file protein_12.json (JSON, N, CA and C atoms)
[["chain", "number", "residue", "atom", "x", "y", "z"],
["A", 25, "MET", "N", 5.68, 2.59, 2.37],
["A", 25, "MET", "CA", 4.29, 2.69, 2.00],
["A", 25, "MET", "C", 3.91, 4.14, 1.80],
["A", 26, "GLN", "N", 3.04, 4.38, 0.89],
["A", 26, "GLN", "CA", 2.51, 5.72, 0.74],
["A", 26, "GLN", "C", 1.32, 5.83, 1.69],
["A", 27, "VAL", "N", 1.36, 6.82, 2.58],
["A", 27, "VAL", "CA", 0.32, 6.98, 3.58],
["A", 27, "VAL", "C", -0.50, 8.22, 3.24],
["A", 28, "LEU", "N", -1.79, 8.01, 3.04],
["A", 28, "LEU", "CA", -2.72, 9.10, 2.75],
["A", 28, "LEU", "C", -3.64, 9.30, 3.95],
["A", 29, "GLY", "N", -4.24, 10.45, 4.04],
["A", 29, "GLY", "CA", -5.17, 10.72, 5.13],
["A", 29, "GLY", "C", -4.48, 11.13, 6.42],
["A", 30, "LEU", "N", -3.30, 11.70, 6.31],
["A", 30, "LEU", "CA", -2.55, 12.10, 7.50],
["A", 30, "LEU", "C", -3.24, 13.21, 8.29],
["A", 31, "ASP", "N", -4.22, 13.87, 7.68],
["A", 31, "ASP", "CA", -4.96, 14.90, 8.41],
["A", 31, "ASP", "C", -5.70, 14.31, 9.60],
["A", 32, "GLU", "N", -6.10, 13.03, 9.52],
["A", 32, "GLU", "CA", -6.74, 12.36, 10.66],
["A", 32, "GLU", "C", -5.78, 12.31, 11.85],
["A", 33, "ILE", "N", -4.54, 11.98, 11.57],
["A", 33, "ILE", "CA", -3.52, 11.89, 12.62],
["A", 33, "ILE", "C", -3.20, 13.29, 13.15],
["A", 34, "GLU", "N", -3.06, 14.24, 12.26],
["A", 34, "GLU", "CA", -2.75, 15.61, 12.68],
["A", 34, "GLU", "C", -3.84, 16.18, 13.58],
["A", 35, "CYS", "N", -5.09, 15.93, 13.26],
["A", 35, "CYS", "CA", -6.19, 16.41, 14.10],
["A", 35, "CYS", "C", -6.15, 15.75, 15.48],
["A", 36, "PHE", "N", -5.89, 14.47, 15.50],
["A", 36, "PHE", "CA", -5.80, 13.76, 16.78],
["A", 36, "PHE", "C", -4.66, 14.33, 17.62],
["A", 37, "LEU", "N", -3.49, 14.51, 17.00],
["A", 37, "LEU", "CA", -2.34, 15.03, 17.73],
["A", 37, "LEU", "C", -2.59, 16.45, 18.25],
["A", 38, "ALA", "N", -3.29, 17.26, 17.49],
["A", 38, "ALA", "CA", -3.58, 18.63, 17.90],
["A", 38, "ALA", "C", -4.48, 18.66, 19.14],
["A", 39, "ASP", "N", -5.34, 17.67, 19.29],
["A", 39, "ASP", "CA", -6.27, 17.63, 20.41],
["A", 39, "ASP", "C", -5.76, 16.84, 21.61],
["A", 40, "SER", "N", -4.71, 16.06, 21.43],
["A", 40, "SER", "CA", -4.23, 15.18, 22.50],
["A", 40, "SER", "C", -3.26, 15.92, 23.43],
["A", 41, "THR", "N", -3.40, 15.66, 24.70],
["A", 41, "THR", "CA", -2.49, 16.24, 25.69],
["A", 41, "THR", "C", -1.54, 15.20, 26.27],
["A", 42, "ASP", "N", -1.73, 13.95, 25.91],
["A", 42, "ASP", "CA", -0.88, 12.87, 26.43],
["A", 42, "ASP", "C", 0.35, 12.71, 25.54],
["A", 43, "GLN", "N", 1.48, 13.12, 26.04],
["A", 43, "GLN", "CA", 2.72, 13.11, 25.26],
["A", 43, "GLN", "C", 3.13, 11.70, 24.84],
["A", 44, "GLN", "N", 2.93, 10.73, 25.72],
["A", 44, "GLN", "CA", 3.30, 9.35, 25.40],
["A", 44, "GLN", "C", 2.46, 8.80, 24.25],
["A", 45, "THR", "N", 1.19, 9.10, 24.27],
["A", 45, "THR", "CA", 0.30, 8.68, 23.18],
["A", 45, "THR", "C", 0.71, 9.35, 21.88],
["A", 46, "CYS", "N", 1.01, 10.63, 21.93],
["A", 46, "CYS", "CA", 1.42, 11.36, 20.73],
["A", 46, "CYS", "C", 2.70, 10.78, 20.14],
["A", 47, "GLU", "N", 3.65, 10.47, 21.00],
["A", 47, "GLU", "CA", 4.92, 9.91, 20.52],
["A", 47, "GLU", "C", 4.72, 8.53, 19.90],
["A", 48, "ALA", "N", 3.86, 7.72, 20.51],
["A", 48, "ALA", "CA", 3.58, 6.39, 19.95],
["A", 48, "ALA", "C", 2.93, 6.51, 18.58],
["A", 49, "LEU", "N", 2.02, 7.44, 18.44],
["A", 49, "LEU", "CA", 1.34, 7.64, 17.16],
["A", 49, "LEU", "C", 2.29, 8.17, 16.10],
["A", 50, "LYS", "N", 3.14, 9.11, 16.46],
["A", 50, "LYS", "CA", 4.13, 9.63, 15.52],
["A", 50, "LYS", "C", 5.10, 8.54, 15.07],
["A", 51, "ALA", "N", 5.54, 7.70, 15.99],
["A", 51, "ALA", "CA", 6.44, 6.60, 15.65],
["A", 51, "ALA", "C", 5.76, 5.61, 14.71],
["A", 52, "PHE", "N", 4.49, 5.33, 14.95],
["A", 52, "PHE", "CA", 3.72, 4.43, 14.10],
["A", 52, "PHE", "C", 3.63, 4.97, 12.68],
["A", 53, "VAL", "N", 3.29, 6.23, 12.55],
["A", 53, "VAL", "CA", 3.17, 6.85, 11.22],
["A", 53, "VAL", "C", 4.53, 6.87, 10.52],
["A", 54, "PHE", "N", 5.58, 7.18, 11.25],
["A", 54, "PHE", "CA", 6.92, 7.19, 10.67],
["A", 54, "PHE", "C", 7.26, 5.81, 10.10],
["A", 55, "GLU", "N", 6.97, 4.77, 10.87],
["A", 55, "GLU", "CA", 7.26, 3.41, 10.39],
["A", 55, "GLU", "C", 6.41, 3.07, 9.17],
["A", 56, "LEU", "N", 5.15, 3.44, 9.18],
["A", 56, "LEU", "CA", 4.30, 3.17, 8.02],
["A", 56, "LEU", "C", 4.87, 3.81, 6.77],
["A", 57, "LYS", "N", 5.34, 5.04, 6.90],
["A", 57, "LYS", "CA", 5.85, 5.77, 5.74],
["A", 57, "LYS", "C", 7.19, 5.24, 5.23],
["A", 58, "HIS", "N", 7.93, 4.57, 6.08],
["A", 58, "HIS", "CA", 9.28, 4.13, 5.71],
["A", 58, "HIS", "C", 9.42, 2.62, 5.56],
["A", 59, "ARG", "N", 8.32, 1.92, 5.53],
["A", 59, "ARG", "CA", 8.36, 0.47, 5.37],
["A", 59, "ARG", "C", 7.41, 0.06, 4.26],
["A", 60, "ASP", "N", 7.65, -1.10, 3.73],
["A", 60, "ASP", "CA", 6.74, -1.70, 2.73],
["A", 60, "ASP", "C", 6.47, -3.13, 3.15],
["A", 61, "TRP", "N", 5.23, -3.52, 3.12],
["A", 61, "TRP", "CA", 4.84, -4.88, 3.41],
["A", 61, "TRP", "C", 4.19, -5.45, 2.16],
["A", 62, "PRO", "N", 4.66, -6.58, 1.66],
["A", 62, "PRO", "CA", 4.11, -7.15, 0.43],
["A", 62, "PRO", "C", 2.71, -7.74, 0.60],
["A", 63, "ASP", "N", 2.37, -8.10, 1.86],
["A", 63, "ASP", "CA", 1.07, -8.73, 2.09],
["A", 63, "ASP", "C", 0.70, -8.63, 3.56],
["A", 64, "ALA", "N", -0.50, -9.11, 3.87],
["A", 64, "ALA", "CA", -1.01, -9.03, 5.24],
["A", 64, "ALA", "C", -0.16, -9.83, 6.22],
["A", 65, "GLU", "N", 0.33, -10.97, 5.79],
["A", 65, "GLU", "CA", 1.15, -11.81, 6.67],
["A", 65, "GLU", "C", 2.41, -11.07, 7.11],
["A", 66, "ALA", "N", 3.05, -10.38, 6.20],
["A", 66, "ALA", "CA", 4.26, -9.63, 6.53],
["A", 66, "ALA", "C", 3.94, -8.50, 7.51],
["A", 67, "LEU", "N", 2.83, -7.82, 7.31],
["A", 67, "LEU", "CA", 2.43, -6.75, 8.22],
["A", 67, "LEU", "C", 2.11, -7.31, 9.61],
["A", 68, "MET", "N", 1.44, -8.45, 9.65],
["A", 68, "MET", "CA", 1.10, -9.07, 10.93],
["A", 68, "MET", "C", 2.35, -9.51, 11.69],
["A", 69, "ASN", "N", 3.42, -9.83, 10.98],
["A", 69, "ASN", "CA", 4.67, -10.17, 11.67],
["A", 69, "ASN", "C", 5.19, -9.00, 12.48],
["A", 70, "ASP", "N", 5.01, -7.78, 11.97],
["A", 70, "ASP", "CA", 5.46, -6.58, 12.66],
["A", 70, "ASP", "C", 4.41, -6.03, 13.62],
["A", 71, "TYR", "N", 3.15, -6.21, 13.29],
["A", 71, "TYR", "CA", 2.05, -5.69, 14.10],
["A", 71, "TYR", "C", 1.05, -6.82, 14.39],
["A", 72, "PRO", "N", 1.41, -7.73, 15.31],
["A", 72, "PRO", "CA", 0.53, -8.88, 15.57],
["A", 72, "PRO", "C", -0.84, -8.49, 16.13],
["A", 73, "GLN", "N", -0.97, -7.30, 16.69],
["A", 73, "GLN", "CA", -2.25, -6.86, 17.22],
["A", 73, "GLN", "C", -3.14, -6.22, 16.15],
["A", 74, "ALA", "N", -2.61, -6.07, 14.94],
["A", 74, "ALA", "CA", -3.39, -5.48, 13.86],
["A", 74, "ALA", "C", -4.58, -6.38, 13.53],
["A", 75, "GLU", "N", -5.65, -5.77, 13.11],
["A", 75, "GLU", "CA", -6.83, -6.51, 12.70],
["A", 75, "GLU", "C", -6.95, -6.36, 11.19],
["A", 76, "LEU", "N", -6.67, -7.46, 10.49],
["A", 76, "LEU", "CA", -6.69, -7.44, 9.03],
["A", 76, "LEU", "C", -7.65, -8.47, 8.46],
["A", 77, "CYS", "N", -8.59, -8.92, 9.27],
["A", 77, "CYS", "CA", -9.50, -9.98, 8.83],
["A", 77, "CYS", "C", -10.56, -9.49, 7.85],
["A", 78, "GLU", "N", -10.71, -8.18, 7.71],
["A", 78, "GLU", "CA", -11.70, -7.63, 6.77],
["A", 78, "GLU", "C", -11.00, -6.80, 5.69],
["A", 79, "LEU", "N", -9.91, -7.31, 5.15],
["A", 79, "LEU", "CA", -9.16, -6.56, 4.14],
["A", 79, "LEU", "C", -10.09, -6.13, 3.02],
["A", 80, "PRO", "N", -9.90, -4.94, 2.54],
["A", 80, "PRO", "CA", -8.76, -4.05, 2.69],
["A", 80, "PRO", "C", -8.77, -3.20, 3.96],
["A", 81, "LYS", "N", -9.80, -3.37, 4.81],
["A", 81, "LYS", "CA", -9.87, -2.61, 6.05],
["A", 81, "LYS", "C", -8.77, -3.10, 7.00],
["A", 82, "ALA", "N", -8.11, -2.13, 7.63],
["A", 82, "ALA", "CA", -7.05, -2.45, 8.59],
["A", 82, "ALA", "C", -7.26, -1.61, 9.85],
["A", 83, "ARG", "N", -7.07, -2.25, 11.01],
["A", 83, "ARG", "CA", -7.19, -1.56, 12.29],
["A", 83, "ARG", "C", -5.94, -1.81, 13.12],
["A", 84, "PHE", "N", -5.47, -0.76, 13.76],
["A", 84, "PHE", "CA", -4.30, -0.83, 14.61],
["A", 84, "PHE", "C", -4.64, -0.22, 15.96],
["A", 85, "ARG", "N", -4.30, -0.90, 17.02],
["A", 85, "ARG", "CA", -4.50, -0.38, 18.37],
["A", 85, "ARG", "C", -3.12, -0.04, 18.92],
["A", 86, "LEU", "N", -2.98, 1.22, 19.34],
["A", 86, "LEU", "CA", -1.68, 1.74, 19.75],
["A", 86, "LEU", "C", -1.72, 2.31, 21.16],
["A", 87, "ALA", "N", -0.55, 2.71, 21.63],
["A", 87, "ALA", "CA", -0.40, 3.41, 22.91],
["A", 87, "ALA", "C", -1.09, 2.63, 24.03],
["A", 88, "ASN", "N", -0.62, 1.41, 24.22],
["A", 88, "ASN", "CA", -1.16, 0.56, 25.27],
["A", 88, "ASN", "C", -2.67, 0.35, 25.09],
["A", 89, "ASN", "N", -3.07, 0.19, 23.85],
["A", 89, "ASN", "CA", -4.45, -0.11, 23.48],
["A", 89, "ASN", "C", -5.42, 1.04, 23.77],
["A", 90, "THR", "N", -4.93, 2.27, 23.73],
["A", 90, "THR", "CA", -5.80, 3.41, 24.01],
["A", 90, "THR", "C", -6.16, 4.21, 22.76],
["A", 91, "VAL", "N", -5.53, 3.89, 21.64],
["A", 91, "VAL", "CA", -5.80, 4.61, 20.39],
["A", 91, "VAL", "C", -6.10, 3.60, 19.29],
["A", 92, "LEU", "N", -7.13, 3.88, 18.53],
["A", 92, "LEU", "CA", -7.50, 3.05, 17.39],
["A", 92, "LEU", "C", -7.24, 3.85, 16.12],
["A", 93, "VAL", "N", -6.45, 3.27, 15.23],
["A", 93, "VAL", "CA", -6.21, 3.86, 13.91],
["A", 93, "VAL", "C", -6.81, 2.88, 12.90],
["A", 94, "GLU", "N", -7.68, 3.41, 12.07],
["A", 94, "GLU", "CA", -8.35, 2.58, 11.08],
["A", 94, "GLU", "C", -8.07, 3.12, 9.69],
["A", 95, "GLY", "N", -7.86, 2.21, 8.76],
["A", 95, "GLY", "CA", -7.59, 2.63, 7.41],
["A", 95, "GLY", "C", -7.94, 1.56, 6.40],
["A", 96, "VAL", "N", -7.61, 1.86, 5.17],
["A", 96, "VAL", "CA", -7.80, 0.92, 4.06],
["A", 96, "VAL", "C", -6.44, 0.73, 3.43],
["A", 97, "ILE", "N", -6.04, -0.52, 3.25],
["A", 97, "ILE", "CA", -4.70, -0.82, 2.76],
["A", 97, "ILE", "C", -4.77, -1.58, 1.44],
["A", 98, "HIS", "N", -3.89, -1.21, 0.54],
["A", 98, "HIS", "CA", -3.77, -1.90, -0.75],
["A", 98, "HIS", "C", -2.31, -2.31, -0.89],
["A", 99, "PHE", "N", -2.03, -3.56, -0.59],
["A", 99, "PHE", "CA", -0.66, -4.03, -0.57],
["A", 99, "PHE", "C", 0.02, -3.96, -1.94],
["A", 100, "GLU", "N", -0.73, -4.27, -2.99],
["A", 100, "GLU", "CA", -0.14, -4.31, -4.32],
["A", 100, "GLU", "C", 0.44, -2.96, -4.74],
["A", 101, "SER", "N", -0.22, -1.88, -4.37],
["A", 101, "SER", "CA", 0.27, -0.55, -4.74],
["A", 101, "SER", "C", 1.04, 0.12, -3.62],
["A", 102, "GLY", "N", 1.04, -0.50, -2.44],
["A", 102, "GLY", "CA", 1.77, 0.06, -1.31],
["A", 102, "GLY", "C", 1.15, 1.33, -0.75],
["A", 103, "VAL", "N", -0.19, 1.37, -0.72],
["A", 103, "VAL", "CA", -0.89, 2.57, -0.25],
["A", 103, "VAL", "C", -1.76, 2.22, 0.96],
["A", 104, "LEU", "N", -1.69, 3.09, 1.97],
["A", 104, "LEU", "CA", -2.56, 2.99, 3.14],
["A", 104, "LEU", "C", -3.28, 4.31, 3.30],
["A", 105, "LEU", "N", -4.61, 4.27, 3.28],
["A", 105, "LEU", "CA", -5.44, 5.45, 3.48],
["A", 105, "LEU", "C", -5.94, 5.41, 4.92],
["A", 106, "LEU", "N", -5.49, 6.37, 5.72],
["A", 106, "LEU", "CA", -5.94, 6.46, 7.10],
["A", 106, "LEU", "C", -7.31, 7.14, 7.12],
["A", 107, "ARG", "N", -8.27, 6.50, 7.79],
["A", 107, "ARG", "CA", -9.63, 7.03, 7.78],
["A", 107, "ARG", "C", -10.11, 7.47, 9.14],
["A", 108, "LYS", "N", -9.49, 6.95, 10.20],
["A", 108, "LYS", "CA", -9.99, 7.26, 11.54],
["A", 108, "LYS", "C", -8.86, 7.11, 12.54],
["A", 109, "CYS", "N", -8.82, 8.01, 13.50],
["A", 109, "CYS", "CA", -7.89, 7.92, 14.62],
["A", 109, "CYS", "C", -8.65, 8.43, 15.84],
["A", 110, "ILE", "N", -8.98, 7.52, 16.75],
["A", 110, "ILE", "CA", -9.78, 7.90, 17.91],
["A", 110, "ILE", "C", -9.14, 7.35, 19.19],
["A", 111, "GLU", "N", -9.47, 8.01, 20.28],
["A", 111, "GLU", "CA", -9.00, 7.59, 21.59],
["A", 111, "GLU", "C", -10.08, 6.78, 22.27],
["A", 112, "HIS", "N", -9.66, 5.76, 22.99],
["A", 112, "HIS", "CA", -10.58, 4.91, 23.75],
["A", 112, "HIS", "C", -11.24, 5.73, 24.86],
["A", 113, "ARG", "N", -12.54, 5.60, 24.96],
["A", 113, "ARG", "CA", -13.27, 6.25, 26.05],
["A", 113, "ARG", "C", -13.93, 5.15, 26.87],
["A", 114, "ASP", "N", -13.78, 5.26, 28.18],
["A", 114, "ASP", "CA", -14.37, 4.25, 29.06],
["A", 114, "ASP", "C", -15.89, 4.31, 29.00],
["A", 115, "GLN", "N", -16.47, 3.14, 29.07],
["A", 115, "GLN", "CA", -17.93, 3.05, 29.09],
["A", 115, "GLN", "C", -18.37, 2.91, 30.55],
["A", 116, "ARG", "N", -19.34, 3.68, 30.95],
["A", 116, "ARG", "CA", -19.87, 3.56, 32.30],
["A", 116, "ARG", "C", -20.59, 2.22, 32.42],
["A", 117, "PRO", "N", -20.40, 1.51, 33.55],
["A", 117, "PRO", "CA", -21.01, 0.18, 33.70],
["A", 117, "PRO", "C", -22.53, 0.20, 33.66],
["A", 118, "ASP", "N", -23.17, 1.31, 34.06],
["A", 118, "ASP", "CA", -24.62, 1.34, 34.08],
["A", 118, "ASP", "C", -25.23, 1.77, 32.75],
["A", 119, "SER", "N", -24.38, 2.03, 31.76],
["A", 119, "SER", "CA", -24.87, 2.49, 30.48],
["A", 119, "SER", "C", -24.85, 1.35, 29.47],
["A", 120, "GLY", "N", -25.91, 1.23, 28.71],
["A", 120, "GLY", "CA", -25.95, 0.20, 27.68],
["A", 120, "GLY", "C", -25.45, 0.71, 26.34],
["A", 121, "ASP", "N", -25.06, 1.98, 26.29],
["A", 121, "ASP", "CA", -24.63, 2.57, 25.04],
["A", 121, "ASP", "C", -23.22, 2.14, 24.69],
["A", 122, "GLN", "N", -22.97, 2.00, 23.41],
["A", 122, "GLN", "CA", -21.63, 1.70, 22.94],
["A", 122, "GLN", "C", -20.79, 2.96, 22.99],
["A", 123, "THR", "N", -19.53, 2.77, 23.32],
["A", 123, "THR", "CA", -18.62, 3.91, 23.23],
["A", 123, "THR", "C", -18.24, 4.10, 21.78],
["A", 124, "GLU", "N", -17.61, 5.22, 21.50],
["A", 124, "GLU", "CA", -17.13, 5.50, 20.15],
["A", 124, "GLU", "C", -16.16, 4.40, 19.70],
["A", 125, "TRP", "N", -15.35, 3.93, 20.63],
["A", 125, "TRP", "CA", -14.36, 2.87, 20.37],
["A", 125, "TRP", "C", -15.04, 1.58, 19.96],
["A", 126, "GLU", "N", -16.07, 1.17, 20.73],
["A", 126, "GLU", "CA", -16.75, -0.09, 20.46],
["A", 126, "GLU", "C", -17.56, -0.04, 19.18],
["A", 127, "ALA", "N", -18.08, 1.12, 18.86],
["A", 127, "ALA", "CA", -18.90, 1.25, 17.66],
["A", 127, "ALA", "C", -18.03, 1.29, 16.40],
["A", 128, "ALA", "N", -16.76, 1.60, 16.57],
["A", 128, "ALA", "CA", -15.86, 1.75, 15.41],
["A", 128, "ALA", "C", -15.61, 0.48, 14.74]]
call {"tool": "encode", "arguments": {"input": "protein_12.json", "output": "structure tokens"}}
result
Amino acid sequence: MQVLGLDEIECFLADSTDQQTCEALKAFVFELKHRDWPDAEALMNDYPQAELCELPKARFRLANNTVLVEGVIHFESGVLLLRKCIEHRDQRPDSGDQTEWEAA
């Protein structure tokens, strides 16, 4: 797949101090760049936790569900545009505000 928007990943990696999370994200991007999926079903076979119900929007939760990667995918041309990469932030129980993760 052709992966665009890698600057989102690079910014996240530059700010992250968790080596395990960084390695999981790097492995994910490597696989995206070196694989092709003809359709959503094929992608779901490899990434069953992916959220593809609003295609072309695609969401992936990585690193033990602590990182959200969001993008737009076009299977016919084999292109994935990465638009967002954020880390899960805990919500305080006494706060009614949505976290960045929940609002995404």
call {"tool": "closest_residue", "arguments": {"input": "protein_12.json", "among": "A:Asp70, A:Asp39, A:Glu47, A:Asp60", "to": "Met25 in chain A", "atoms": "only N, CA and C atoms"}}
result
A:Asp60
call {"tool": "closest_residue", "arguments": {"input": "protein_12.json", "among": "A:Pro80, A:Ser40, A:Glu75, A:Cys35", "to": "Phe99 in chain A", "atoms": "all atoms listed in the file"}}
result
A:Pro80
call {"tool": "residues_around", "arguments": {"input": "protein_12.json", "residues": "Lys57 in chain A", "least_positions_apart": "5", "cutoff": "7 Å", "atoms": "all atoms listed in the file", "output": "list in words"}}
result
Met25, Gln26, Val27 and Phe52 of chain A
call {"tool": "select_by_dssp", "arguments": {"input": "protein_12.json", "residues": "chain A", "states": "helix (DSSP H, G or I)", "output": "PyMOL selection string"}}
result
chain A and resi 30-39+43-58+64-70+124-127
call {"tool": "select_by_dssp", "arguments": {"input": "protein_12.json", "residues": "range 44-113 of chain A", "states": "strand (DSSP E)", "output": "JSON, numbers by chain"}}
result
{"A": [81, 82, 83, 84, 85, 86, 91, 92, 93, 94, 95, 96, 97, 98, 103, 104, 105, 106, 107, 108, 109, 110, 111]}
call {"tool": "atom_distance", "arguments": {"input": "protein_12.json", "atom1": "atom C of Ala66 in chain A", "atom2": "CA of Asp42 in chain A"}}
result
28.9 Å
call {"tool": "closest_residue", "arguments": {"input": "protein_12.json", "among": "A:His58, A:Thr90, A:Cys46, A:Gly29", "to": "Leu106 in chain A", "atoms": "all atoms listed in the file"}}
result
A:Gly29
call {"tool": "atom_distance", "arguments": {"input": "protein_12.json", "atom1": "CA of Ala74 in chain A", "atom2": "CA of Glu34 in chain A"}}
result
21.1 Å
